[in-house]
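Participant: My structure file work-v8.cif, mmCIF, C-alpha atoms, is below:
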data_entry
loop_
_atom_site.label_atom_id
_atom_site.label_comp_id
_atom_site.auth_asym_id
_atom_site.auth_seq_id
_atom_site.Cartn_x
_atom_site.Cartn_y
_atom_site.Cartn_z
CA GLU A 1 0.00 0.00 0.00
CA MET A 2 2.79 2.42 0.87
CA LEU A 3 4.70 1.69 -2.31
CA ILE A 4 1.59 2.11 -4.44
CA ALA A 5 0.66 5.37 -2.74
CA HIS A 6 4.11 6.81 -3.29
CA HIS A 7 4.17 5.62 -6.90
CA ARG A 8 0.86 7.27 -7.71
CA SER A 9 1.91 10.48 -6.01
CA ILE A 10 5.17 10.55 -7.96
CA THR A 11 3.30 9.88 -11.20
CA ARG A 12 0.98 12.83 -10.57
CA SER A 13 4.00 15.01 -9.75
CA LEU A 14 5.78 14.02 -12.96
CA TRP A 15 2.61 14.64 -14.97
CA ASN A 16 2.24 18.14 -13.52
CA ILE A 17 5.93 18.90 -13.93
CA GLY A 18 5.79 17.71 -17.52
CA ALA A 19 2.91 20.06 -18.27
CA VAL A 20 4.72 23.00 -16.67
CA SER A 21 7.95 22.12 -18.50
CA ALA A 22 6.10 22.10 -21.79
CA ALA A 23 4.72 25.53 -20.99
CA CYS A 24 8.17 26.80 -20.14
CA THR A 25 9.62 25.63 -23.45
CA THR A 26 7.17 27.94 -25.17
CA ASN A 27 8.34 30.82 -22.92
CA ARG A 28 5.03 31.03 -21.04
CA CYS A 29 6.49 30.77 -17.51
CA SER A 30 8.45 33.17 -15.36
CA PRO A 31 12.16 32.77 -14.48
CA LYS A 32 11.14 32.21 -10.85
CA LEU A 33 8.97 29.23 -11.84
CA LYS A 34 11.75 27.82 -14.01
CA ALA A 35 14.16 28.03 -11.05
CA SER A 36 11.74 26.19 -8.77
CA LEU A 37 11.13 23.22 -11.09
CA SER A 38 14.07 21.17 -9.83
CA SER A 39 12.99 21.45 -6.19
CA SER A 40 9.28 20.90 -6.87
CA ALA A 41 10.07 17.58 -8.53
CA GLN A 42 11.19 16.15 -5.19
CA HIS A 43 8.61 14.15 -3.21
CA PRO A 44 8.78 15.28 0.45
CA ASN A 45 9.14 11.75 1.86
CA ILE A 46 11.64 10.22 -0.53
CA GLY A 47 14.94 11.80 0.48
CA LYS A 48 17.77 10.71 -1.77
CA PHE A 49 17.33 8.32 -4.66
CA SER A 50 19.44 5.19 -5.02
CA ASP A 51 19.78 2.39 -7.55
CA LYS A 52 20.59 -0.05 -4.71
CA LEU A 53 17.65 -2.05 -3.31
CA LYS A 54 17.93 -2.08 0.49
CA PHE A 55 15.37 -2.79 3.22
CA ILE A 56 15.89 -1.23 6.67
CA ASN A 57 14.66 -2.91 9.85
CA ASN A 58 16.53 -0.88 12.49
CA PHE A 59 18.35 2.41 13.02
CA GLY A 60 21.76 0.78 13.02
CA GLU A 61 22.64 1.43 16.67
CA PRO A 62 20.69 1.31 19.94
CA PHE A 63 19.04 4.39 21.43
CA ILE A 64 21.33 5.77 24.14
CA THR A 65 20.02 5.93 27.73
CA TYR A 66 20.90 9.15 29.54
CA ARG A 67 21.95 9.03 33.17
CA VAL A 68 23.61 11.40 35.64
CA MET A 69 24.38 8.95 38.47
CA ASP A 70 25.97 5.52 38.31
CA ASP A 71 24.59 2.35 39.92
CA HIS A 72 25.98 3.45 43.29
CA GLY A 73 24.36 6.89 43.26
CA GLN A 74 27.60 8.75 42.47
CA LEU A 75 27.70 11.56 39.92
CA ILE A 76 29.29 10.46 36.65
CA ASP A 77 29.91 14.00 35.45
CA PRO A 78 29.36 16.74 38.07
CA SER A 79 28.57 19.25 35.33
CA GLN A 80 25.40 17.27 34.55
CA GLU A 81 23.96 17.68 38.05
CA PRO A 82 20.74 19.74 37.83
CA ALA A 83 20.75 23.15 39.46
CA VAL A 84 18.63 22.67 42.59
CA ASP A 85 18.91 24.00 46.11
CA LYS A 86 18.78 21.92 49.29
CA ASP A 87 15.08 22.58 49.97
CA PHE A 88 14.15 21.47 46.45
CA ALA A 89 16.21 18.28 46.74
CA VAL A 90 14.76 17.46 50.18
CA LYS A 91 11.22 17.99 48.86
CA MET A 92 11.91 15.56 46.02
CA PHE A 93 13.22 12.94 48.42
CA LYS A 94 10.34 13.36 50.86
CA THR A 95 7.77 13.16 48.06
CA MET A 96 9.29 9.91 46.77
CA LEU A 97 9.32 8.50 50.29
CA ARG A 98 5.73 9.60 50.98
CA THR A 99 4.60 8.03 47.71
CA ASN A 100 6.14 4.71 48.73
CA VAL A 101 4.66 4.81 52.24
CA MET A 102 1.19 5.72 50.96
CA ASP A 103 1.37 2.93 48.41
CA SER A 104 2.20 0.42 51.14
CA ILE A 105 -0.75 1.50 53.32
CA LEU A 106 -3.34 1.61 50.54
CA TYR A 107 -2.11 -1.55 48.84
CA GLU A 108 -2.48 -3.44 52.12
CA SER A 109 -5.94 -1.90 52.51
CA GLN A 110 -6.91 -3.29 49.11
CA ARG A 111 -5.56 -6.74 49.97
CA GLN A 112 -7.63 -6.64 53.17
CA GLY A 113 -10.77 -5.81 51.20
CA ARG A 114 -11.13 -2.29 52.58
CA ILE A 115 -10.97 -0.75 49.07
CA SER A 116 -11.76 -2.41 45.77
CA PHE A 117 -8.73 -1.53 43.64
CA TYR A 118 -5.23 -0.11 43.91
CA MET A 119 -2.10 0.23 41.80
CA THR A 120 1.28 1.09 43.26
CA SER A 121 4.20 3.16 41.99
CA TYR A 122 6.86 0.88 43.47
CA GLY A 123 10.20 1.41 41.73
CA GLU A 124 8.92 4.34 39.68
CA GLU A 125 9.08 7.07 42.32
CA ALA A 126 12.14 8.74 40.77
CA THR A 127 10.54 8.75 37.33
CA ILE A 128 7.32 10.38 38.50
CA VAL A 129 8.61 12.84 41.07
CA GLY A 130 11.76 13.69 39.11
CA SER A 131 9.73 14.62 36.05
CA ALA A 132 6.89 16.36 37.91
CA ALA A 133 9.45 18.64 39.59
CA ALA A 134 10.35 20.11 36.20
CA PHE A 135 6.90 21.55 35.50
CA THR A 136 4.83 24.41 36.89
CA LEU A 137 1.21 24.54 38.00
CA ASP A 138 0.39 26.27 34.70
CA ASP A 139 1.32 23.03 32.89
CA VAL A 140 -1.70 20.75 32.64
CA MET A 141 -1.01 17.14 33.60
CA PHE A 142 -2.59 13.95 32.29
CA GLY A 143 -1.81 10.77 34.22
CA GLN A 144 -2.59 7.09 34.14
CA TYR A 145 -2.44 4.79 37.18
CA ARG A 146 0.94 5.40 38.77
CA GLU A 147 1.32 9.17 38.90
CA VAL A 148 0.16 9.90 42.44
CA GLY A 149 3.73 11.10 43.14
CA ALA A 150 3.20 13.94 40.67
CA LEU A 151 0.05 14.95 42.52
CA LEU A 152 1.81 14.78 45.90
CA TRP A 153 4.58 16.97 44.49
CA ARG A 154 1.98 19.56 43.48
CA GLY A 155 0.38 19.58 46.92
CA PHE A 156 -2.16 16.74 46.95
CA THR A 157 -2.54 15.42 50.49
CA PHE A 158 -2.70 11.93 52.00
CA GLN A 159 -6.21 12.74 53.11
CA GLU A 160 -7.34 13.68 49.60
CA ALA A 161 -5.83 10.48 48.18
CA CYS A 162 -7.55 8.33 50.82
CA ASP A 163 -10.85 10.18 50.33
CA GLN A 164 -10.70 9.32 46.62
CA CYS A 165 -9.79 5.67 47.13
CA ILE A 166 -12.56 5.19 49.71
CA ALA A 167 -15.02 7.35 47.73
CA ASN A 168 -16.40 9.21 50.74
CA ASN A 169 -18.22 12.54 50.80
CA ARG A 170 -14.94 14.48 50.74
CA ASP A 171 -13.78 12.86 47.48
CA LEU A 172 -13.19 15.53 44.82
CA GLY A 173 -14.75 13.15 42.28
CA LYS A 174 -17.87 12.72 44.44
CA GLY A 175 -17.32 8.98 44.71
CA ARG A 176 -18.03 8.37 41.04
CA MET A 177 -14.63 6.97 40.05
CA MET A 178 -12.66 3.83 40.84
CA PRO A 179 -9.83 4.07 43.38
CA VAL A 180 -6.56 5.73 42.19
CA HIS A 181 -8.50 7.70 39.55
CA TYR A 182 -7.33 10.97 41.03
CA GLY A 183 -7.98 14.45 39.70
CA SER A 184 -7.57 17.98 40.98
CA PRO A 185 -8.72 21.18 39.22
CA ALA A 186 -6.75 23.27 41.72
CA LEU A 187 -3.53 21.40 40.87
CA ASN A 188 -4.22 21.37 37.10
CA PHE A 189 -4.27 17.57 37.05
CA GLN A 190 -6.90 15.99 34.78
CA THR A 191 -8.90 13.12 36.27
CA ILE A 192 -7.47 9.72 35.43
CA SER A 193 -9.52 7.49 33.15
CA SER A 194 -9.62 3.68 33.19
CA PRO A 195 -9.20 2.93 29.45
CA LEU A 196 -5.54 2.84 28.48
CA ALA A 197 -4.06 5.65 26.39
CA THR A 198 -7.13 7.89 26.13
CA GLN A 199 -5.19 10.63 27.90
CA ILE A 200 -2.52 10.79 25.16
CA PRO A 201 -4.62 12.36 22.36
CA GLN A 202 -6.37 14.46 25.01
CA ALA A 203 -3.00 15.88 26.04
CA ALA A 204 -2.16 16.69 22.42
CA GLY A 205 -5.47 18.53 22.12
CA ALA A 206 -4.96 20.42 25.38
CA ALA A 207 -1.49 21.45 24.21
CA TYR A 208 -2.91 22.72 20.94
CA ALA A 209 -5.42 24.81 22.91
CA LEU A 210 -2.57 26.26 24.99
CA LYS A 211 -0.77 27.13 21.78
CA LEU A 212 -3.80 28.89 20.30
CA ARG A 213 -4.20 30.89 23.51
CA GLY A 214 -0.55 31.90 23.45
CA ALA A 215 0.01 30.49 26.94
CA ARG A 216 3.59 30.07 28.18
CA ALA A 217 2.79 26.55 29.34
CA CYS A 218 2.62 22.98 28.06
CA ALA A 219 0.68 19.76 28.53
CA VAL A 220 2.35 16.80 30.27
CA CYS A 221 1.20 13.26 29.57
CA TYR A 222 2.22 10.13 31.47
CA PHE A 223 1.60 6.61 30.21
CA GLY A 224 3.14 3.16 30.35
CA ASP A 225 4.61 0.81 27.77
CA GLY A 226 1.27 -0.99 27.56
CA ALA A 227 -0.54 2.22 26.59
CA ALA A 228 2.10 2.79 23.91
CA SER A 229 0.77 -0.36 22.23
CA GLU A 230 -2.64 1.29 21.75
CA GLY A 231 -3.66 3.09 18.57
CA ASP A 232 -4.35 6.28 20.56
CA PHE A 233 -0.60 6.60 21.10
CA HIS A 234 0.21 6.83 17.41
CA GLY A 235 -2.68 9.14 16.61
CA ALA A 236 -1.67 11.45 19.45
CA LEU A 237 1.98 11.65 18.42
CA ASN A 238 0.99 12.34 14.83
CA PHE A 239 -1.39 15.12 15.86
CA ALA A 240 1.22 16.62 18.19
CA ALA A 241 3.92 16.53 15.51
CA THR A 242 1.88 17.88 12.60
CA LEU A 243 0.12 20.58 14.66
CA GLU A 244 3.35 21.39 16.53
CA CYS A 245 1.74 21.14 19.96
CA PRO A 246 3.64 22.12 23.16
CA VAL A 247 3.27 18.74 24.87
CA VAL A 248 5.70 16.50 26.75
CA PHE A 249 5.02 12.76 26.52
CA ILE A 250 6.52 10.69 29.35
CA CYS A 251 6.50 6.92 28.90
CA ARG A 252 7.21 4.81 31.97
CA ASN A 253 8.62 1.66 30.43
CA ASN A 254 8.88 -0.77 33.35
CA GLY A 255 9.01 -3.80 31.08
CA TYR A 256 5.48 -5.05 31.67
CA ALA A 257 1.95 -4.04 30.75
CA ILE A 258 0.44 -5.49 33.96
CA SER A 259 1.63 -9.06 33.23
CA THR A 260 2.51 -8.80 29.52
CA PRO A 261 6.27 -8.38 28.96
CA VAL A 262 7.53 -5.94 26.36
CA ALA A 263 8.91 -8.86 24.35
CA GLU A 264 5.30 -9.79 23.57
CA GLN A 265 4.28 -6.19 22.86
CA TYR A 266 6.76 -4.97 20.28
CA ARG A 267 10.00 -5.55 18.42
CA GLY A 268 12.77 -3.06 17.78
CA ASP A 269 14.69 -0.78 20.09
CA GLY A 270 11.97 0.14 22.55
CA ILE A 271 9.46 2.97 22.42
CA ALA A 272 11.78 5.99 22.19
CA VAL A 273 12.52 5.35 18.51
CA ARG A 274 8.83 5.84 17.74
CA GLY A 275 9.10 9.46 18.79
CA VAL A 276 11.93 10.01 16.34
CA SER A 277 9.87 8.48 13.52
CA TYR A 278 7.26 11.21 14.15
CA ASN A 279 10.02 13.86 14.13
CA ILE A 280 9.51 14.51 17.85
CA HIS A 281 12.45 15.50 20.07
CA THR A 282 13.10 12.30 22.04
CA VAL A 283 15.39 11.16 24.83
CA ARG A 284 15.60 7.92 26.78
CA CYS A 285 16.81 8.20 30.36
CA ASP A 286 17.37 6.01 33.41
CA GLY A 287 14.06 6.03 35.28
CA ASN A 288 15.79 5.22 38.58
CA ASP A 289 18.00 8.30 38.28
CA ALA A 290 15.99 11.25 39.64
CA TRP A 291 18.58 13.77 38.46
CA ALA A 292 18.57 12.40 34.91
CA VAL A 293 14.78 12.45 34.77
CA LEU A 294 14.65 16.00 36.14
CA ALA A 295 17.23 17.25 33.64
CA ALA A 296 15.50 15.53 30.73
CA ALA A 297 12.06 16.84 31.75
CA ARG A 298 13.37 20.39 32.15
CA ARG A 299 14.90 20.30 28.68
CA ALA A 300 11.71 18.81 27.24
CA ARG A 301 9.62 21.56 28.81
CA ASP A 302 11.96 24.21 27.40
CA ILE A 303 11.49 22.79 23.91
CA ALA A 304 7.72 22.55 24.30
CA VAL A 305 7.21 26.06 25.72
CA ALA A 306 9.90 28.04 23.90
CA GLN A 307 9.74 26.33 20.50
CA ARG A 308 6.06 25.30 20.66
CA LEU A 309 6.99 21.74 19.70
CA PRO A 310 6.36 18.27 21.19
#
Could you express the structure from this file as structure tokens?

Facilitator:
Amino acid sequence: EMLIAHHRSITRSLWNIGAVSAACTTNRCSPKLKASLSSSAQHPNIGKFSDKLKFINNFGEPFITYRVMDDHGQLIDPSQEPAVDKDFAVKMFKTMLRTNVMDSILYESQRQGRISFYMTSYGEEATIVGSAAAFTLDDVMFGQYREVGALLWRGFTFQEACDQCIANNRDLGKGRMMPVHYGSPALNFQTISSPLATQIPQAAGAAYALKLRGARACAVCYFGDGAASEGDFHGALNFAATLECPVVFICRNNGYAISTPVAEQYRGDGIAVRGVSYNIHTVRCDGNDAWAVLAAARRARDIAVAQRLP
């Protein structure tokens, strides 16, 4: 289908160019049009031509993973350490710790039958808190199941989280959502939805709205490797790329979509390469390195807000 589509498009281009060339030979076109003929003959998605038949199934080398600290928590290159003060660093640590403690309490509550459902953020605290720390309250956040750390960073309380999970009369969602489906208008965090990946195109749309309003802000969208296997993911990235939306997509690739390993989800060098294929600025970083995640998220936000690009 792709080959046929390209062939037909090229044929139409050659037909049109031939008609214009014929007109030019009879001196019925301007010098400017004559000068543009060579460039107009080039199909935008062909690149260079070659007489060598070659299929490509990878990018030649693996996508590099960025990190600031080594496996022992020591800085690899001190110049890469993010600029943060002591209070900021302590807040990050406390938020990661609080996330873990809250997960333990509420997970045990679910196992005891006190609440119907719960999903933890075990092992992903640095990814969530490290990235959330790079954004401002003007940046609208879209989460999935494991982003409670981002909400805690923004000021969500233990009490508000428990109210939501228990669905009592203090729940901001009025008890209408499943547990861990948090949301907070005051903290600019959109309510989590159960179906996987629906938040990704929504984030692209929200970012486009921010762009039209001229806001100095971006949309932030969290999702897992399982959601990246949904069609919504590809549609969202295509919208964001073609409309040049100020959105930051953050994929938490922990290797499993609930119980389905990534080896059964996709082939190739992970999910990061998909961003490059949509011409989106992409980086892969060590999710257990809070400094690397913070630095990457800050750079991503700068691109989204300053350049109005995903």

Participant: Give as a VMD selection string the set of residues within 8 Å of the point (3.4, 17.0, 24.3), where distances use the file's coordinates and only C-alpha atoms.

Facilitator: chain A and resid 203 to 204 207 218 to 221 240 245 to 249 304 309 to 310

Participant: Just how far from atom CA of A:Glu108 is atom CA of A:Asn188, in Å to one decimal?

Facilitator: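 Separation of atom CA of A:Asn188 and atom CA of A:Glu108: 29.1 Å.
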
Participant: Of the residues A:Val262, A:Ala132, A:Leu237, A:Ala215, which is the one nearest to A:Lys91, using only C-alpha atoms?

Facilitator: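 Checking each of A:Val262, A:Ala132, A:Leu237, A:Ala215 against A:Lys91, counting only C-alpha atoms, the winner is A:Ala132.
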
Participant: Tell me which protein, DNA and RNA residues are within 8 Å of A:Gly175, counting all atoms listed in the file, leaving out same-chain ones fewer than 6 positions away, and put them as a list in words.

Facilitator: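 So, after excluding close chain neighbours, the residues are Gln164, Ile166, Ala167, Asn168 and Asn169 of chain A.
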
Participant: What's the 8 Å shell around A:Trp291, counting all atoms listed in the file, without same-chain residues fewer than 5 positions away, as a PyMOL selection string?

Facilitator: chain A and resi 67-69+81-82+130

Participant: Take the residues just selected and output them with C-alpha atoms as a compact mmCIF listing (two decimals), in the coordinates of the input.

Facilitator:
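The result, stored in part_14.txt:
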# COMPACT_ATOMS: atom_id res chain seq x y z
CA ARG A 67 21.95 9.03 33.17
CA VAL A 68 23.61 11.40 35.64
CA MET A 69 24.38 8.95 38.47
CA GLU A 81 23.96 17.68 38.05
CA PRO A 82 20.74 19.74 37.83
CA GLY A 130 11.76 13.69 39.11

Participant: Got a moment to write stretch 216-241 of chain A out with N, CA, C and O atoms, as a CSV table (one decimal), in the first residue's frame?

Facilitator:
chain,number,residue,atom,x,y,z
A,216,ARG,N,2.2,30.5,28.0
A,216,ARG,CA,3.6,30.1,28.2
A,216,ARG,C,3.6,28.8,29.1
A,216,ARG,O,4.1,28.8,30.2
A,217,ALA,N,2.9,27.8,28.6
A,217,ALA,CA,2.8,26.5,29.3
A,217,ALA,C,2.7,25.4,28.4
A,217,ALA,O,2.6,25.6,27.1
A,218,CYS,N,2.7,24.2,28.9
A,218,CYS,CA,2.6,23.0,28.1
A,218,CYS,C,1.7,22.0,28.7
A,218,CYS,O,1.3,22.1,29.9
A,219,ALA,N,1.4,20.9,28.0
A,219,ALA,CA,0.7,19.8,28.5
A,219,ALA,C,1.7,18.7,28.8
A,219,ALA,O,2.7,18.5,28.1
A,220,VAL,N,1.5,17.9,29.9
A,220,VAL,CA,2.4,16.8,30.3
A,220,VAL,C,1.5,15.5,30.3
A,220,VAL,O,0.5,15.5,30.9
A,221,CYS,N,2.0,14.5,29.6
A,221,CYS,CA,1.2,13.3,29.6
A,221,CYS,C,2.0,12.1,30.0
A,221,CYS,O,3.0,11.7,29.4
A,222,TYR,N,1.6,11.4,31.0
A,222,TYR,CA,2.2,10.1,31.5
A,222,TYR,C,1.5,8.9,30.9
A,222,TYR,O,0.2,8.9,30.9
A,223,PHE,N,2.2,7.9,30.6
A,223,PHE,CA,1.6,6.6,30.2
A,223,PHE,C,2.7,5.5,30.3
A,223,PHE,O,3.9,5.8,30.4
A,224,GLY,N,2.2,4.3,30.2
A,224,GLY,CA,3.1,3.2,30.4
A,224,GLY,C,3.4,2.5,29.0
A,224,GLY,O,2.8,2.9,28.0
A,225,ASP,N,4.3,1.5,29.0
A,225,ASP,CA,4.6,0.8,27.8
A,225,ASP,C,3.4,0.1,27.2
A,225,ASP,O,3.3,0.0,26.0
A,226,GLY,N,2.5,-0.3,28.1
A,226,GLY,CA,1.3,-1.0,27.6
A,226,GLY,C,0.4,0.0,26.8
A,226,GLY,O,-0.2,-0.4,25.7
A,227,ALA,N,0.3,1.2,27.3
A,227,ALA,CA,-0.5,2.2,26.6
A,227,ALA,C,0.1,2.6,25.3
A,227,ALA,O,-0.6,3.0,24.3
A,228,ALA,N,1.4,2.5,25.2
A,228,ALA,CA,2.1,2.8,23.9
A,228,ALA,C,1.8,1.8,22.8
A,228,ALA,O,2.1,2.0,21.7
A,229,SER,N,1.2,0.7,23.2
A,229,SER,CA,0.8,-0.4,22.2
A,229,SER,C,-0.6,-0.1,21.7
A,229,SER,O,-1.1,-0.8,20.8
A,230,GLU,N,-1.3,0.9,22.2
A,230,GLU,CA,-2.6,1.3,21.7
A,230,GLU,C,-2.6,2.2,20.5
A,230,GLU,O,-1.6,3.0,20.4
A,231,GLY,N,-3.6,2.2,19.7
A,231,GLY,CA,-3.7,3.1,18.6
A,231,GLY,C,-3.7,4.6,18.9
A,231,GLY,O,-3.2,5.4,18.2
A,232,ASP,N,-4.3,4.9,20.1
A,232,ASP,CA,-4.3,6.3,20.6
A,232,ASP,C,-3.0,6.9,20.6
A,232,ASP,O,-2.8,8.1,20.4
A,233,PHE,N,-2.0,6.1,21.0
A,233,PHE,CA,-0.6,6.6,21.1
A,233,PHE,C,-0.1,7.2,19.8
A,233,PHE,O,0.4,8.3,19.7
A,234,HIS,N,-0.3,6.4,18.7
A,234,HIS,CA,0.2,6.8,17.4
A,234,HIS,C,-0.6,8.0,16.9
A,234,HIS,O,0.0,9.0,16.3
A,235,GLY,N,-1.9,8.0,17.1
A,235,GLY,CA,-2.7,9.1,16.6
A,235,GLY,C,-2.3,10.4,17.3
A,235,GLY,O,-2.2,11.5,16.7
A,236,ALA,N,-2.0,10.3,18.6
A,236,ALA,CA,-1.7,11.5,19.5
A,236,ALA,C,-0.3,12.0,19.0
A,236,ALA,O,-0.2,13.3,18.9
A,237,LEU,N,0.7,11.2,18.8
A,237,LEU,CA,2.0,11.7,18.4
A,237,LEU,C,1.9,12.3,17.0
A,237,LEU,O,2.6,13.3,16.8
A,238,ASN,N,1.1,11.7,16.2
A,238,ASN,CA,1.0,12.3,14.8
A,238,ASN,C,0.3,13.7,14.9
A,238,ASN,O,0.8,14.7,14.2
A,239,PHE,N,-0.7,13.8,15.7
A,239,PHE,CA,-1.4,15.1,15.9
A,239,PHE,C,-0.4,16.1,16.4
A,239,PHE,O,-0.3,17.3,16.0
A,240,ALA,N,0.3,15.7,17.5
A,240,ALA,CA,1.2,16.6,18.2
A,240,ALA,C,2.3,17.1,17.3
A,240,ALA,O,2.7,18.3,17.3
A,241,ALA,N,2.8,16.2,16.4
A,241,ALA,CA,3.9,16.5,15.5
A,241,ALA,C,3.4,17.5,14.4
A,241,ALA,O,4.1,18.5,14.1
